[in-house]
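Data from query_14.cif: mmCIF, N, CA and C atoms
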data_run
loop_
_atom_site.label_atom_id
_atom_site.label_comp_id
_atom_site.auth_asym_id
_atom_site.auth_seq_id
_atom_site.Cartn_x
_atom_site.Cartn_y
_atom_site.Cartn_z
N MET A 16 1.93 8.40 13.35
CA MET A 16 1.56 7.32 12.43
C MET A 16 0.48 7.83 11.49
N ARG A 17 0.72 7.65 10.20
CA ARG A 17 -0.23 8.10 9.18
C ARG A 17 -0.78 6.88 8.45
N PHE A 18 -2.09 6.78 8.39
CA PHE A 18 -2.75 5.60 7.82
C PHE A 18 -3.82 6.02 6.84
N LEU A 19 -3.53 5.87 5.55
CA LEU A 19 -4.50 6.09 4.47
C LEU A 19 -5.17 7.46 4.54
N GLU A 20 -4.36 8.48 4.80
CA GLU A 20 -4.87 9.85 4.81
C GLU A 20 -4.92 10.39 3.38
N LYS A 21 -5.67 11.45 3.19
CA LYS A 21 -5.97 11.94 1.85
C LYS A 21 -4.74 12.16 0.98
N ASP A 22 -3.67 12.74 1.54
CA ASP A 22 -2.50 13.05 0.72
C ASP A 22 -1.65 11.83 0.39
N ILE A 23 -1.97 10.68 0.96
CA ILE A 23 -1.22 9.46 0.65
C ILE A 23 -2.13 8.38 0.07
N VAL A 24 -3.20 8.83 -0.57
CA VAL A 24 -4.15 7.93 -1.25
C VAL A 24 -4.37 8.45 -2.66
N SER A 25 -4.41 7.53 -3.62
CA SER A 25 -4.70 7.90 -5.00
C SER A 25 -5.55 6.81 -5.64
N VAL A 26 -6.63 7.21 -6.32
CA VAL A 26 -7.53 6.24 -6.94
C VAL A 26 -7.51 6.39 -8.46
N GLY A 27 -7.79 5.28 -9.16
CA GLY A 27 -7.86 5.29 -10.61
C GLY A 27 -6.52 5.52 -11.28
N VAL A 28 -5.46 4.97 -10.68
CA VAL A 28 -4.09 5.20 -11.15
C VAL A 28 -3.71 4.18 -12.21
N GLU A 29 -3.00 4.65 -13.24
CA GLU A 29 -2.48 3.74 -14.26
C GLU A 29 -1.03 3.41 -13.92
N ALA A 30 -0.72 2.11 -13.91
CA ALA A 30 0.65 1.65 -13.68
C ALA A 30 1.02 0.70 -14.81
N ALA A 31 2.23 0.85 -15.31
CA ALA A 31 2.69 0.03 -16.44
C ALA A 31 2.96 -1.40 -16.02
N ASP A 32 3.46 -1.57 -14.79
CA ASP A 32 3.82 -2.90 -14.31
C ASP A 32 3.93 -2.86 -12.79
N ALA A 33 4.36 -3.96 -12.20
CA ALA A 33 4.44 -4.06 -10.74
C ALA A 33 5.40 -3.03 -10.15
N GLU A 34 6.57 -2.88 -10.76
CA GLU A 34 7.54 -1.91 -10.22
C GLU A 34 7.00 -0.49 -10.29
N ASP A 35 6.28 -0.18 -11.32
CA ASP A 35 5.67 1.14 -11.45
C ASP A 35 4.64 1.34 -10.33
N ALA A 36 3.83 0.33 -10.05
CA ALA A 36 2.84 0.42 -8.98
C ALA A 36 3.52 0.62 -7.62
N ILE A 37 4.62 -0.09 -7.39
CA ILE A 37 5.37 0.07 -6.14
C ILE A 37 5.92 1.49 -6.05
N GLU A 38 6.47 1.97 -7.15
CA GLU A 38 7.03 3.33 -7.19
C GLU A 38 5.95 4.36 -6.86
N ILE A 39 4.78 4.21 -7.43
CA ILE A 39 3.68 5.17 -7.20
C ILE A 39 3.28 5.16 -5.73
N ALA A 40 3.11 3.97 -5.14
CA ALA A 40 2.73 3.88 -3.72
C ALA A 40 3.80 4.48 -2.83
N GLY A 41 5.06 4.21 -3.15
CA GLY A 41 6.16 4.76 -2.37
C GLY A 41 6.29 6.26 -2.55
N ASP A 42 6.05 6.74 -3.76
CA ASP A 42 6.19 8.17 -4.02
C ASP A 42 5.15 8.99 -3.27
N LEU A 43 3.97 8.44 -3.04
CA LEU A 43 2.99 9.14 -2.21
C LEU A 43 3.56 9.38 -0.81
N LEU A 44 4.23 8.35 -0.27
CA LEU A 44 4.85 8.48 1.06
C LEU A 44 6.00 9.49 1.01
N ARG A 45 6.80 9.45 -0.05
CA ARG A 45 7.94 10.37 -0.17
C ARG A 45 7.47 11.81 -0.29
N GLN A 46 6.46 12.06 -1.10
CA GLN A 46 5.97 13.43 -1.27
C GLN A 46 5.44 14.01 0.03
N ALA A 47 4.95 13.14 0.92
CA ALA A 47 4.45 13.59 2.22
C ALA A 47 5.56 13.66 3.27
N GLY A 48 6.79 13.37 2.86
CA GLY A 48 7.92 13.43 3.78
C GLY A 48 8.03 12.26 4.74
N LEU A 49 7.31 11.18 4.44
CA LEU A 49 7.24 10.04 5.36
C LEU A 49 8.35 9.03 5.13
N VAL A 50 8.87 8.98 3.90
CA VAL A 50 10.00 8.11 3.56
C VAL A 50 10.94 8.88 2.63
N GLU A 51 12.15 8.36 2.52
CA GLU A 51 13.14 8.91 1.58
C GLU A 51 13.05 8.16 0.25
N LYS A 52 13.63 8.73 -0.78
CA LYS A 52 13.68 8.08 -2.09
C LYS A 52 14.34 6.70 -1.98
N SER A 53 15.33 6.59 -1.09
CA SER A 53 16.04 5.32 -0.90
C SER A 53 15.08 4.20 -0.47
N TYR A 54 14.01 4.56 0.24
CA TYR A 54 13.05 3.55 0.68
C TYR A 54 12.28 2.97 -0.52
N ILE A 55 11.93 3.82 -1.46
CA ILE A 55 11.22 3.35 -2.65
C ILE A 55 12.13 2.41 -3.44
N GLU A 56 13.38 2.79 -3.59
CA GLU A 56 14.34 1.94 -4.29
C GLU A 56 14.49 0.60 -3.57
N ALA A 57 14.50 0.62 -2.24
CA ALA A 57 14.62 -0.62 -1.46
C ALA A 57 13.38 -1.49 -1.62
N MET A 58 12.19 -0.88 -1.71
CA MET A 58 10.96 -1.66 -1.93
C MET A 58 11.04 -2.36 -3.29
N LYS A 59 11.48 -1.65 -4.31
CA LYS A 59 11.59 -2.25 -5.64
C LYS A 59 12.67 -3.34 -5.66
N PHE A 60 13.79 -3.10 -4.99
CA PHE A 60 14.86 -4.10 -4.94
C PHE A 60 14.37 -5.36 -4.22
N SER A 61 13.62 -5.18 -3.15
CA SER A 61 13.08 -6.33 -2.41
C SER A 61 12.18 -7.18 -3.32
N TYR A 62 11.38 -6.50 -4.14
CA TYR A 62 10.53 -7.21 -5.09
C TYR A 62 11.37 -7.95 -6.13
N GLN A 63 12.39 -7.29 -6.66
CA GLN A 63 13.26 -7.92 -7.66
C GLN A 63 13.97 -9.14 -7.07
N LYS A 64 14.42 -9.01 -5.84
CA LYS A 64 15.22 -10.07 -5.20
C LYS A 64 14.34 -11.22 -4.67
N ASN A 65 13.22 -10.87 -4.04
CA ASN A 65 12.42 -11.86 -3.31
C ASN A 65 11.11 -12.23 -3.99
N GLY A 66 10.77 -11.55 -5.07
CA GLY A 66 9.51 -11.85 -5.75
C GLY A 66 8.31 -11.23 -5.05
N PRO A 67 7.11 -11.68 -5.42
CA PRO A 67 5.87 -11.04 -4.96
C PRO A 67 5.36 -11.58 -3.61
N TYR A 68 6.28 -11.76 -2.65
CA TYR A 68 5.90 -12.29 -1.33
C TYR A 68 4.89 -11.41 -0.61
N PHE A 69 4.82 -10.14 -0.97
CA PHE A 69 3.93 -9.18 -0.29
C PHE A 69 2.56 -9.09 -0.96
N VAL A 70 2.30 -9.93 -1.97
CA VAL A 70 0.94 -10.01 -2.54
C VAL A 70 0.22 -11.02 -1.66
N LEU A 71 -0.40 -10.48 -0.61
CA LEU A 71 -0.86 -11.30 0.52
C LEU A 71 -2.24 -11.91 0.35
N ALA A 72 -3.00 -11.40 -0.59
CA ALA A 72 -4.36 -11.90 -0.81
C ALA A 72 -4.72 -11.56 -2.25
N PRO A 73 -5.75 -12.18 -2.79
CA PRO A 73 -6.15 -11.85 -4.15
C PRO A 73 -6.34 -10.34 -4.33
N SER A 74 -5.64 -9.79 -5.32
CA SER A 74 -5.76 -8.39 -5.71
C SER A 74 -5.07 -7.40 -4.78
N ILE A 75 -4.37 -7.87 -3.73
CA ILE A 75 -3.81 -6.96 -2.71
C ILE A 75 -2.31 -7.14 -2.57
N ALA A 76 -1.58 -6.03 -2.73
CA ALA A 76 -0.13 -6.02 -2.52
C ALA A 76 0.21 -5.01 -1.43
N ILE A 77 1.17 -5.39 -0.58
CA ILE A 77 1.63 -4.50 0.49
C ILE A 77 3.16 -4.42 0.44
N PRO A 78 3.69 -3.72 -0.57
CA PRO A 78 5.14 -3.62 -0.67
C PRO A 78 5.73 -2.81 0.48
N HIS A 79 6.92 -3.20 0.90
CA HIS A 79 7.61 -2.53 2.00
C HIS A 79 9.09 -2.88 1.94
N ALA A 80 9.86 -2.22 2.79
CA ALA A 80 11.29 -2.51 2.91
C ALA A 80 11.63 -2.39 4.40
N ARG A 81 12.91 -2.36 4.71
CA ARG A 81 13.35 -2.32 6.10
C ARG A 81 13.33 -0.88 6.62
N PRO A 82 13.07 -0.69 7.91
CA PRO A 82 13.03 0.67 8.48
C PRO A 82 14.29 1.49 8.17
N GLU A 83 15.44 0.85 8.24
CA GLU A 83 16.71 1.58 8.02
C GLU A 83 16.91 1.99 6.56
N ASP A 84 16.01 1.58 5.67
CA ASP A 84 16.11 1.96 4.27
C ASP A 84 15.58 3.36 3.99
N GLY A 85 15.06 4.04 5.02
CA GLY A 85 14.66 5.43 4.81
C GLY A 85 13.27 5.81 5.26
N VAL A 86 12.78 5.23 6.34
CA VAL A 86 11.46 5.60 6.87
C VAL A 86 11.61 6.76 7.85
N ASN A 87 10.84 7.82 7.65
CA ASN A 87 10.84 8.96 8.56
C ASN A 87 9.70 8.88 9.58
N GLU A 88 8.58 8.32 9.15
CA GLU A 88 7.41 8.17 10.04
C GLU A 88 6.59 6.97 9.58
N ALA A 89 6.09 6.21 10.55
CA ALA A 89 5.25 5.05 10.23
C ALA A 89 4.04 5.50 9.42
N SER A 90 3.78 4.77 8.33
CA SER A 90 2.71 5.21 7.44
C SER A 90 2.31 4.12 6.46
N VAL A 91 1.09 4.28 5.93
CA VAL A 91 0.59 3.39 4.87
C VAL A 91 -0.10 4.26 3.81
N SER A 92 0.37 4.12 2.58
CA SER A 92 -0.28 4.79 1.45
C SER A 92 -1.19 3.77 0.76
N PHE A 93 -2.05 4.28 -0.11
CA PHE A 93 -2.95 3.41 -0.86
C PHE A 93 -3.05 3.88 -2.30
N VAL A 94 -2.84 2.94 -3.22
CA VAL A 94 -3.02 3.21 -4.65
C VAL A 94 -4.01 2.19 -5.20
N GLN A 95 -5.12 2.71 -5.71
CA GLN A 95 -6.09 1.86 -6.39
C GLN A 95 -5.79 1.95 -7.88
N LEU A 96 -5.42 0.82 -8.44
CA LEU A 96 -5.05 0.79 -9.85
C LEU A 96 -6.28 0.77 -10.75
N LYS A 97 -6.24 1.56 -11.81
CA LYS A 97 -7.33 1.60 -12.77
C LYS A 97 -7.51 0.24 -13.43
N GLU A 98 -6.39 -0.37 -13.81
CA GLU A 98 -6.39 -1.69 -14.41
C GLU A 98 -5.48 -2.60 -13.59
N PRO A 99 -5.85 -3.85 -13.40
CA PRO A 99 -5.02 -4.77 -12.62
C PRO A 99 -3.63 -4.97 -13.24
N VAL A 100 -2.65 -5.20 -12.36
CA VAL A 100 -1.27 -5.40 -12.78
C VAL A 100 -0.79 -6.75 -12.26
N VAL A 101 -0.06 -7.47 -13.09
CA VAL A 101 0.50 -8.77 -12.70
C VAL A 101 1.80 -8.55 -11.93
N PHE A 102 1.87 -9.14 -10.74
CA PHE A 102 3.08 -9.08 -9.90
C PHE A 102 3.86 -10.39 -9.97
N GLY A 103 3.24 -11.45 -10.50
CA GLY A 103 3.93 -12.72 -10.60
C GLY A 103 3.60 -13.68 -9.47
N HIS A 104 2.53 -13.41 -8.74
CA HIS A 104 2.12 -14.32 -7.66
C HIS A 104 1.28 -15.45 -8.25
N SER A 105 1.53 -16.66 -7.80
CA SER A 105 0.87 -17.83 -8.40
C SER A 105 -0.64 -17.86 -8.19
N SER A 106 -1.14 -17.30 -7.09
CA SER A 106 -2.58 -17.40 -6.84
C SER A 106 -3.28 -16.08 -6.56
N ASN A 107 -2.55 -15.00 -6.28
CA ASN A 107 -3.20 -13.75 -5.89
C ASN A 107 -3.15 -12.64 -6.95
N ASP A 108 -2.58 -12.95 -8.12
CA ASP A 108 -2.57 -11.98 -9.23
C ASP A 108 -3.92 -11.95 -9.92
N PRO A 109 -4.23 -10.90 -10.65
CA PRO A 109 -3.53 -9.63 -10.72
C PRO A 109 -3.90 -8.74 -9.53
N VAL A 110 -3.14 -7.66 -9.35
CA VAL A 110 -3.31 -6.76 -8.21
C VAL A 110 -4.01 -5.48 -8.64
N ARG A 111 -4.96 -5.03 -7.82
CA ARG A 111 -5.63 -3.73 -8.04
C ARG A 111 -5.39 -2.77 -6.89
N LEU A 112 -5.12 -3.32 -5.68
CA LEU A 112 -4.96 -2.49 -4.48
C LEU A 112 -3.53 -2.61 -3.97
N VAL A 113 -2.83 -1.48 -3.93
CA VAL A 113 -1.43 -1.47 -3.50
C VAL A 113 -1.32 -0.56 -2.28
N PHE A 114 -0.86 -1.13 -1.18
CA PHE A 114 -0.67 -0.40 0.07
C PHE A 114 0.82 -0.29 0.35
N GLY A 115 1.38 0.90 0.24
CA GLY A 115 2.80 1.11 0.52
C GLY A 115 2.99 1.26 2.02
N LEU A 116 3.74 0.36 2.62
CA LEU A 116 3.90 0.35 4.07
C LEU A 116 5.31 0.80 4.44
N GLY A 117 5.39 1.78 5.33
CA GLY A 117 6.68 2.23 5.85
C GLY A 117 6.62 2.23 7.37
N ALA A 118 7.45 1.42 8.00
CA ALA A 118 7.48 1.37 9.47
C ALA A 118 8.91 1.61 9.93
N SER A 119 9.05 2.34 11.03
CA SER A 119 10.39 2.65 11.53
C SER A 119 10.85 1.69 12.61
N SER A 120 10.03 0.67 12.90
CA SER A 120 10.42 -0.37 13.85
C SER A 120 9.58 -1.62 13.60
N SER A 121 9.99 -2.74 14.15
CA SER A 121 9.22 -3.99 14.02
C SER A 121 7.85 -3.84 14.66
N GLU A 122 7.79 -3.14 15.79
CA GLU A 122 6.50 -2.94 16.48
C GLU A 122 5.53 -2.15 15.61
N GLU A 123 6.04 -1.09 14.98
CA GLU A 123 5.17 -0.29 14.10
C GLU A 123 4.73 -1.11 12.89
N HIS A 124 5.64 -1.93 12.37
CA HIS A 124 5.31 -2.79 11.23
C HIS A 124 4.12 -3.67 11.59
N ILE A 125 4.16 -4.28 12.75
CA ILE A 125 3.07 -5.16 13.20
C ILE A 125 1.79 -4.36 13.41
N THR A 126 1.91 -3.18 14.03
CA THR A 126 0.73 -2.34 14.27
C THR A 126 0.06 -1.96 12.95
N LEU A 127 0.85 -1.53 11.97
CA LEU A 127 0.29 -1.13 10.68
C LEU A 127 -0.34 -2.33 9.96
N LEU A 128 0.33 -3.48 10.01
CA LEU A 128 -0.24 -4.68 9.38
C LEU A 128 -1.55 -5.09 10.03
N ARG A 129 -1.63 -4.95 11.35
CA ARG A 129 -2.89 -5.27 12.05
C ARG A 129 -4.01 -4.35 11.59
N LYS A 130 -3.71 -3.05 11.47
CA LYS A 130 -4.73 -2.10 11.00
C LYS A 130 -5.19 -2.47 9.60
N LEU A 131 -4.23 -2.78 8.74
CA LEU A 131 -4.57 -3.15 7.36
C LEU A 131 -5.35 -4.45 7.32
N THR A 132 -4.91 -5.43 8.10
CA THR A 132 -5.59 -6.73 8.12
C THR A 132 -7.02 -6.57 8.59
N GLY A 133 -7.23 -5.75 9.62
CA GLY A 133 -8.58 -5.50 10.11
C GLY A 133 -9.47 -4.94 9.03
N LEU A 134 -8.92 -4.05 8.22
CA LEU A 134 -9.67 -3.44 7.12
C LEU A 134 -9.92 -4.43 5.99
N LEU A 135 -8.89 -5.19 5.63
CA LEU A 135 -8.95 -6.03 4.43
C LEU A 135 -9.53 -7.43 4.67
N ASN A 136 -9.69 -7.81 5.92
CA ASN A 136 -10.30 -9.12 6.21
C ASN A 136 -11.77 -9.15 5.83
N ASP A 137 -12.38 -7.99 5.71
CA ASP A 137 -13.79 -7.90 5.32
C ASP A 137 -13.85 -7.74 3.80
N SER A 138 -14.36 -8.76 3.12
CA SER A 138 -14.39 -8.74 1.66
C SER A 138 -15.23 -7.57 1.12
N ALA A 139 -16.21 -7.12 1.90
CA ALA A 139 -17.01 -5.97 1.47
C ALA A 139 -16.14 -4.72 1.41
N ASN A 140 -15.21 -4.57 2.35
CA ASN A 140 -14.29 -3.43 2.33
C ASN A 140 -13.38 -3.49 1.11
N VAL A 141 -12.89 -4.68 0.80
CA VAL A 141 -12.02 -4.85 -0.37
C VAL A 141 -12.78 -4.44 -1.63
N GLU A 142 -14.02 -4.89 -1.73
CA GLU A 142 -14.84 -4.54 -2.89
C GLU A 142 -15.06 -3.03 -2.97
N LYS A 143 -15.34 -2.39 -1.83
CA LYS A 143 -15.55 -0.94 -1.80
C LYS A 143 -14.28 -0.18 -2.17
N LEU A 144 -13.13 -0.65 -1.67
CA LEU A 144 -11.86 -0.01 -2.00
C LEU A 144 -11.56 -0.15 -3.49
N THR A 145 -11.92 -1.28 -4.07
CA THR A 145 -11.70 -1.53 -5.49
C THR A 145 -12.56 -0.62 -6.36
N SER A 146 -13.77 -0.33 -5.91
CA SER A 146 -14.70 0.44 -6.74
C SER A 146 -14.78 1.93 -6.36
N ALA A 147 -14.10 2.35 -5.31
CA ALA A 147 -14.16 3.76 -4.90
C ALA A 147 -13.64 4.66 -6.01
N THR A 148 -14.26 5.82 -6.13
CA THR A 148 -13.82 6.79 -7.13
C THR A 148 -13.32 8.09 -6.49
N THR A 149 -13.52 8.24 -5.18
CA THR A 149 -13.07 9.45 -4.48
C THR A 149 -12.48 9.07 -3.13
N TYR A 150 -11.69 10.00 -2.58
CA TYR A 150 -11.15 9.77 -1.24
C TYR A 150 -12.27 9.72 -0.20
N GLU A 151 -13.33 10.49 -0.42
CA GLU A 151 -14.44 10.51 0.55
C GLU A 151 -15.04 9.11 0.73
N GLU A 152 -15.13 8.36 -0.35
CA GLU A 152 -15.64 6.98 -0.24
C GLU A 152 -14.70 6.13 0.60
N ILE A 153 -13.42 6.30 0.41
CA ILE A 153 -12.43 5.55 1.18
C ILE A 153 -12.48 5.96 2.65
N LYS A 154 -12.60 7.26 2.89
CA LYS A 154 -12.69 7.76 4.26
C LYS A 154 -13.90 7.17 4.97
N ASN A 155 -15.02 7.04 4.27
CA ASN A 155 -16.21 6.44 4.87
C ASN A 155 -15.97 4.98 5.25
N ILE A 156 -15.25 4.25 4.44
CA ILE A 156 -14.92 2.85 4.75
C ILE A 156 -14.06 2.80 6.02
N LEU A 157 -13.08 3.68 6.10
CA LEU A 157 -12.18 3.72 7.26
C LEU A 157 -12.93 4.10 8.54
N GLU A 158 -13.86 5.04 8.43
CA GLU A 158 -14.61 5.46 9.61
C GLU A 158 -15.53 4.35 10.11
N MET A 159 -16.03 3.52 9.20
CA MET A 159 -16.89 2.41 9.60
C MET A 159 -16.09 1.34 10.33
N GLU A 160 -14.78 1.29 10.09
CA GLU A 160 -13.91 0.28 10.72
C GLU A 160 -13.49 0.67 12.14
N ARG A 161 -13.70 1.89 12.52
CA ARG A 161 -13.25 2.35 13.85
C ARG A 161 -14.09 1.80 14.95
#
Translate this file's structure into structure tokens.
Amino acid sequence: MRFLEKDIVSVGVEAADAEDAIEIAGDLLRQAGLVEKSYIEAMKFSYQKNGPYFVLAPSIAIPHARPEDGVNEASVSFVQLKEPVVFGHSSNDPVRLVFGLGASSSEEHITLLRKLTGLLNDSANVEKLTSATTYEEIKNILEMER
């Protein structure tokens, strides 16, 4: 299980729109061999079909798809957007923090969401993630959560 490790985190990223942000978060996972290209396409299709249901809190999106869509290893990537992007959520737009979630089972999905929820339930962590300029700053936030 890989959770917000250096090679799957990117800060200060420019995204043209919501689908671009999803693609960037998914591509971090793909480049690390954690998901297949088909998984990124499935994440975007899920957004097109179901809307911004994964924009779970103000400024936070957690796009994902089904395990059978191409997950190789349970993982969460993180993309901090340079400028907020509108996903179309009635109360939680615009989004600055995008966490690409890939789980190979329902149990892993729940485990990863719990880890993320533990991190994001603290508004100070959300603020730090929003303003971080380096991976080291993000790593320090994660270490404080342990």
Determine, counting only C-alpha atoms, which protein, DNA and RNA residues have an atom within 7 Å of an atom of stretch 37-40 of chain A; residues of the same chain fewer than 5 positions away are not included. Present the result as a PyMOL selection string. chain A and resi 55+59+78+92-94+113-115
Can you list every residue in chain A that DSSP puts in strand (DSSP E or B), as an mmCIF file with N, CA and C atoms, keeping the file's coordinate frame?
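Result went into result38.cif, see below:
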data_model
loop_
_atom_site.group_PDB
_atom_site.id
_atom_site.type_symbol
_atom_site.label_atom_id
_atom_site.label_comp_id
_atom_site.auth_asym_id
_atom_site.auth_seq_id
_atom_site.Cartn_x
_atom_site.Cartn_y
_atom_site.Cartn_z
ATOM 1 N N ARG A 17 0.720 7.650 10.200
ATOM 2 C CA ARG A 17 -0.230 8.100 9.180
ATOM 3 C C ARG A 17 -0.780 6.880 8.450
ATOM 4 N N PHE A 18 -2.090 6.780 8.390
ATOM 5 C CA PHE A 18 -2.750 5.600 7.820
ATOM 6 C C PHE A 18 -3.820 6.020 6.840
ATOM 7 N N VAL A 24 -3.200 8.830 -0.570
ATOM 8 C CA VAL A 24 -4.150 7.930 -1.250
ATOM 9 C C VAL A 24 -4.370 8.450 -2.660
ATOM 10 N N SER A 25 -4.410 7.530 -3.620
ATOM 11 C CA SER A 25 -4.700 7.900 -5.000
ATOM 12 C C SER A 25 -5.550 6.810 -5.640
ATOM 13 N N VAL A 26 -6.630 7.210 -6.320
ATOM 14 C CA VAL A 26 -7.530 6.240 -6.940
ATOM 15 C C VAL A 26 -7.510 6.390 -8.460
ATOM 16 N N GLY A 27 -7.790 5.280 -9.160
ATOM 17 C CA GLY A 27 -7.860 5.290 -10.610
ATOM 18 C C GLY A 27 -6.520 5.520 -11.280
ATOM 19 N N VAL A 28 -5.460 4.970 -10.680
ATOM 20 C CA VAL A 28 -4.090 5.200 -11.150
ATOM 21 C C VAL A 28 -3.710 4.180 -12.210
ATOM 22 N N VAL A 50 8.870 8.980 3.900
ATOM 23 C CA VAL A 50 10.000 8.110 3.560
ATOM 24 C C VAL A 50 10.940 8.880 2.630
ATOM 25 N N ALA A 72 -3.000 -11.400 -0.590
ATOM 26 C CA ALA A 72 -4.360 -11.900 -0.810
ATOM 27 C C ALA A 72 -4.720 -11.560 -2.250
ATOM 28 N N ILE A 75 -4.370 -7.870 -3.730
ATOM 29 C CA ILE A 75 -3.810 -6.960 -2.710
ATOM 30 C C ILE A 75 -2.310 -7.140 -2.570
ATOM 31 N N ALA A 76 -1.580 -6.030 -2.730
ATOM 32 C CA ALA A 76 -0.130 -6.020 -2.520
ATOM 33 C C ALA A 76 0.210 -5.010 -1.430
ATOM 34 N N VAL A 86 12.780 5.230 6.340
ATOM 35 C CA VAL A 86 11.460 5.600 6.870
ATOM 36 C C VAL A 86 11.610 6.760 7.850
ATOM 37 N N SER A 90 3.780 4.770 8.330
ATOM 38 C CA SER A 90 2.710 5.210 7.440
ATOM 39 C C SER A 90 2.310 4.120 6.460
ATOM 40 N N VAL A 91 1.090 4.280 5.930
ATOM 41 C CA VAL A 91 0.590 3.390 4.870
ATOM 42 C C VAL A 91 -0.100 4.260 3.810
ATOM 43 N N SER A 92 0.370 4.120 2.580
ATOM 44 C CA SER A 92 -0.280 4.790 1.450
ATOM 45 C C SER A 92 -1.190 3.770 0.760
ATOM 46 N N PHE A 93 -2.050 4.280 -0.110
ATOM 47 C CA PHE A 93 -2.950 3.410 -0.860
ATOM 48 C C PHE A 93 -3.050 3.880 -2.300
ATOM 49 N N VAL A 94 -2.840 2.940 -3.220
ATOM 50 C CA VAL A 94 -3.020 3.210 -4.650
ATOM 51 C C VAL A 94 -4.010 2.190 -5.200
ATOM 52 N N GLN A 95 -5.120 2.710 -5.710
ATOM 53 C CA GLN A 95 -6.090 1.860 -6.390
ATOM 54 C C GLN A 95 -5.790 1.950 -7.880
ATOM 55 N N LEU A 96 -5.420 0.820 -8.440
ATOM 56 C CA LEU A 96 -5.050 0.790 -9.850
ATOM 57 C C LEU A 96 -6.280 0.770 -10.750
ATOM 58 N N LYS A 97 -6.240 1.560 -11.810
ATOM 59 C CA LYS A 97 -7.330 1.600 -12.770
ATOM 60 C C LYS A 97 -7.510 0.240 -13.430
ATOM 61 N N GLU A 98 -6.390 -0.370 -13.810
ATOM 62 C CA GLU A 98 -6.390 -1.690 -14.410
ATOM 63 C C GLU A 98 -5.480 -2.600 -13.590
ATOM 64 N N PRO A 99 -5.850 -3.850 -13.400
ATOM 65 C CA PRO A 99 -5.020 -4.770 -12.620
ATOM 66 C C PRO A 99 -3.630 -4.970 -13.240
ATOM 67 N N VAL A 100 -2.650 -5.200 -12.360
ATOM 68 C CA VAL A 100 -1.270 -5.400 -12.780
ATOM 69 C C VAL A 100 -0.790 -6.750 -12.260
ATOM 70 N N VAL A 110 -3.140 -7.660 -9.350
ATOM 71 C CA VAL A 110 -3.310 -6.760 -8.210
ATOM 72 C C VAL A 110 -4.010 -5.480 -8.640
ATOM 73 N N ARG A 111 -4.960 -5.030 -7.820
ATOM 74 C CA ARG A 111 -5.630 -3.730 -8.040
ATOM 75 C C ARG A 111 -5.390 -2.770 -6.890
ATOM 76 N N LEU A 112 -5.120 -3.320 -5.680
ATOM 77 C CA LEU A 112 -4.960 -2.490 -4.480
ATOM 78 C C LEU A 112 -3.530 -2.610 -3.970
ATOM 79 N N VAL A 113 -2.830 -1.480 -3.930
ATOM 80 C CA VAL A 113 -1.430 -1.470 -3.500
ATOM 81 C C VAL A 113 -1.320 -0.560 -2.280
ATOM 82 N N PHE A 114 -0.860 -1.130 -1.180
ATOM 83 C CA PHE A 114 -0.670 -0.400 0.070
ATOM 84 C C PHE A 114 0.820 -0.290 0.350
ATOM 85 N N GLY A 115 1.380 0.900 0.240
ATOM 86 C CA GLY A 115 2.800 1.110 0.520
ATOM 87 C C GLY A 115 2.990 1.260 2.020
ATOM 88 N N LEU A 116 3.740 0.360 2.620
ATOM 89 C CA LEU A 116 3.900 0.350 4.070
ATOM 90 C C LEU A 116 5.310 0.800 4.440
ATOM 91 N N GLY A 117 5.390 1.780 5.330
ATOM 92 C CA GLY A 117 6.680 2.230 5.850
ATOM 93 C C GLY A 117 6.620 2.230 7.370
#
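A straight line drawn from atom N of A:Thr145 to atom C of A:Leu44 is 21.5 Å long.
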One decimal, Å: what's the distance from atom CA of A:Pro73 over to atom C of A:Phe102, could you say?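 Atom-to-atom, atom CA of A:Pro73 to atom C of A:Phe102, that is 11.7 Å.
For the pair atom C of A:Asn107 and atom N of A:Ile75, the separation is 5.9 Å.
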Name every residue that the PyMOL selection byres (((chain A and resi 69 and name CA) around 12) and name CA) selects in this structure, writing the answer as a PyMOL selection string with chains first and numbers rising. chain A and resi 33+37+58-59+61-63+65-68+70-80+102-104+107-108+110+112-116+128
Excluding stretch 121-127 of chain A and residues on its chain fewer than 2 positions from it, collect all residues at most 8 Å away from it, counting all atoms listed in the file, and give them as a PyMOL selection string. chain A and resi 18+82+89-91+116-119+129-133
Residue nearest A:Glu51 - candidates A:Leu19, A:Leu135, A:Val86, A:Ala30, atoms counted: all atoms listed in the file: A:Val86
Give the alpha helix (DSSP H) residues of chain A, as assigned by DSSP on the backbone, as an MDAnalysis selection string. chainID A and resid 33:46 52:65 121:135 138:146 150:160
Apply the PyMOL selection byres ((chain A and resi 85) around 6) to the structure shown and report the selected residues as an MDAnalysis selection string. chainID A and resid 49:51 53:54 81:84 86:87
Selection: 7 Å around A:Ala147, only N, CA and C atoms, excl. self and same-chain fewer than 6 positions, as a PyMOL selection string: chain A and resi 26-27+153
Hey, could you pull the box centre and edge lengths for stretch 18-37 of chain A, axis-aligned, 4 Å padding per side, all listed atoms, to one decimal in Å, as AutoDock Vina command-line options?
--center_x -0.2 --center_y 4.5 --center_z -4.0 --size_x 23.4 --size_y 25.1 --size_z 32.8
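Remark: for A:Asp22, the closest of the candidate residues A:Leu157, A:Ala36, A:Ala47, A:Pro109 is A:Ala47 (distances computed over only N, CA and C atoms).
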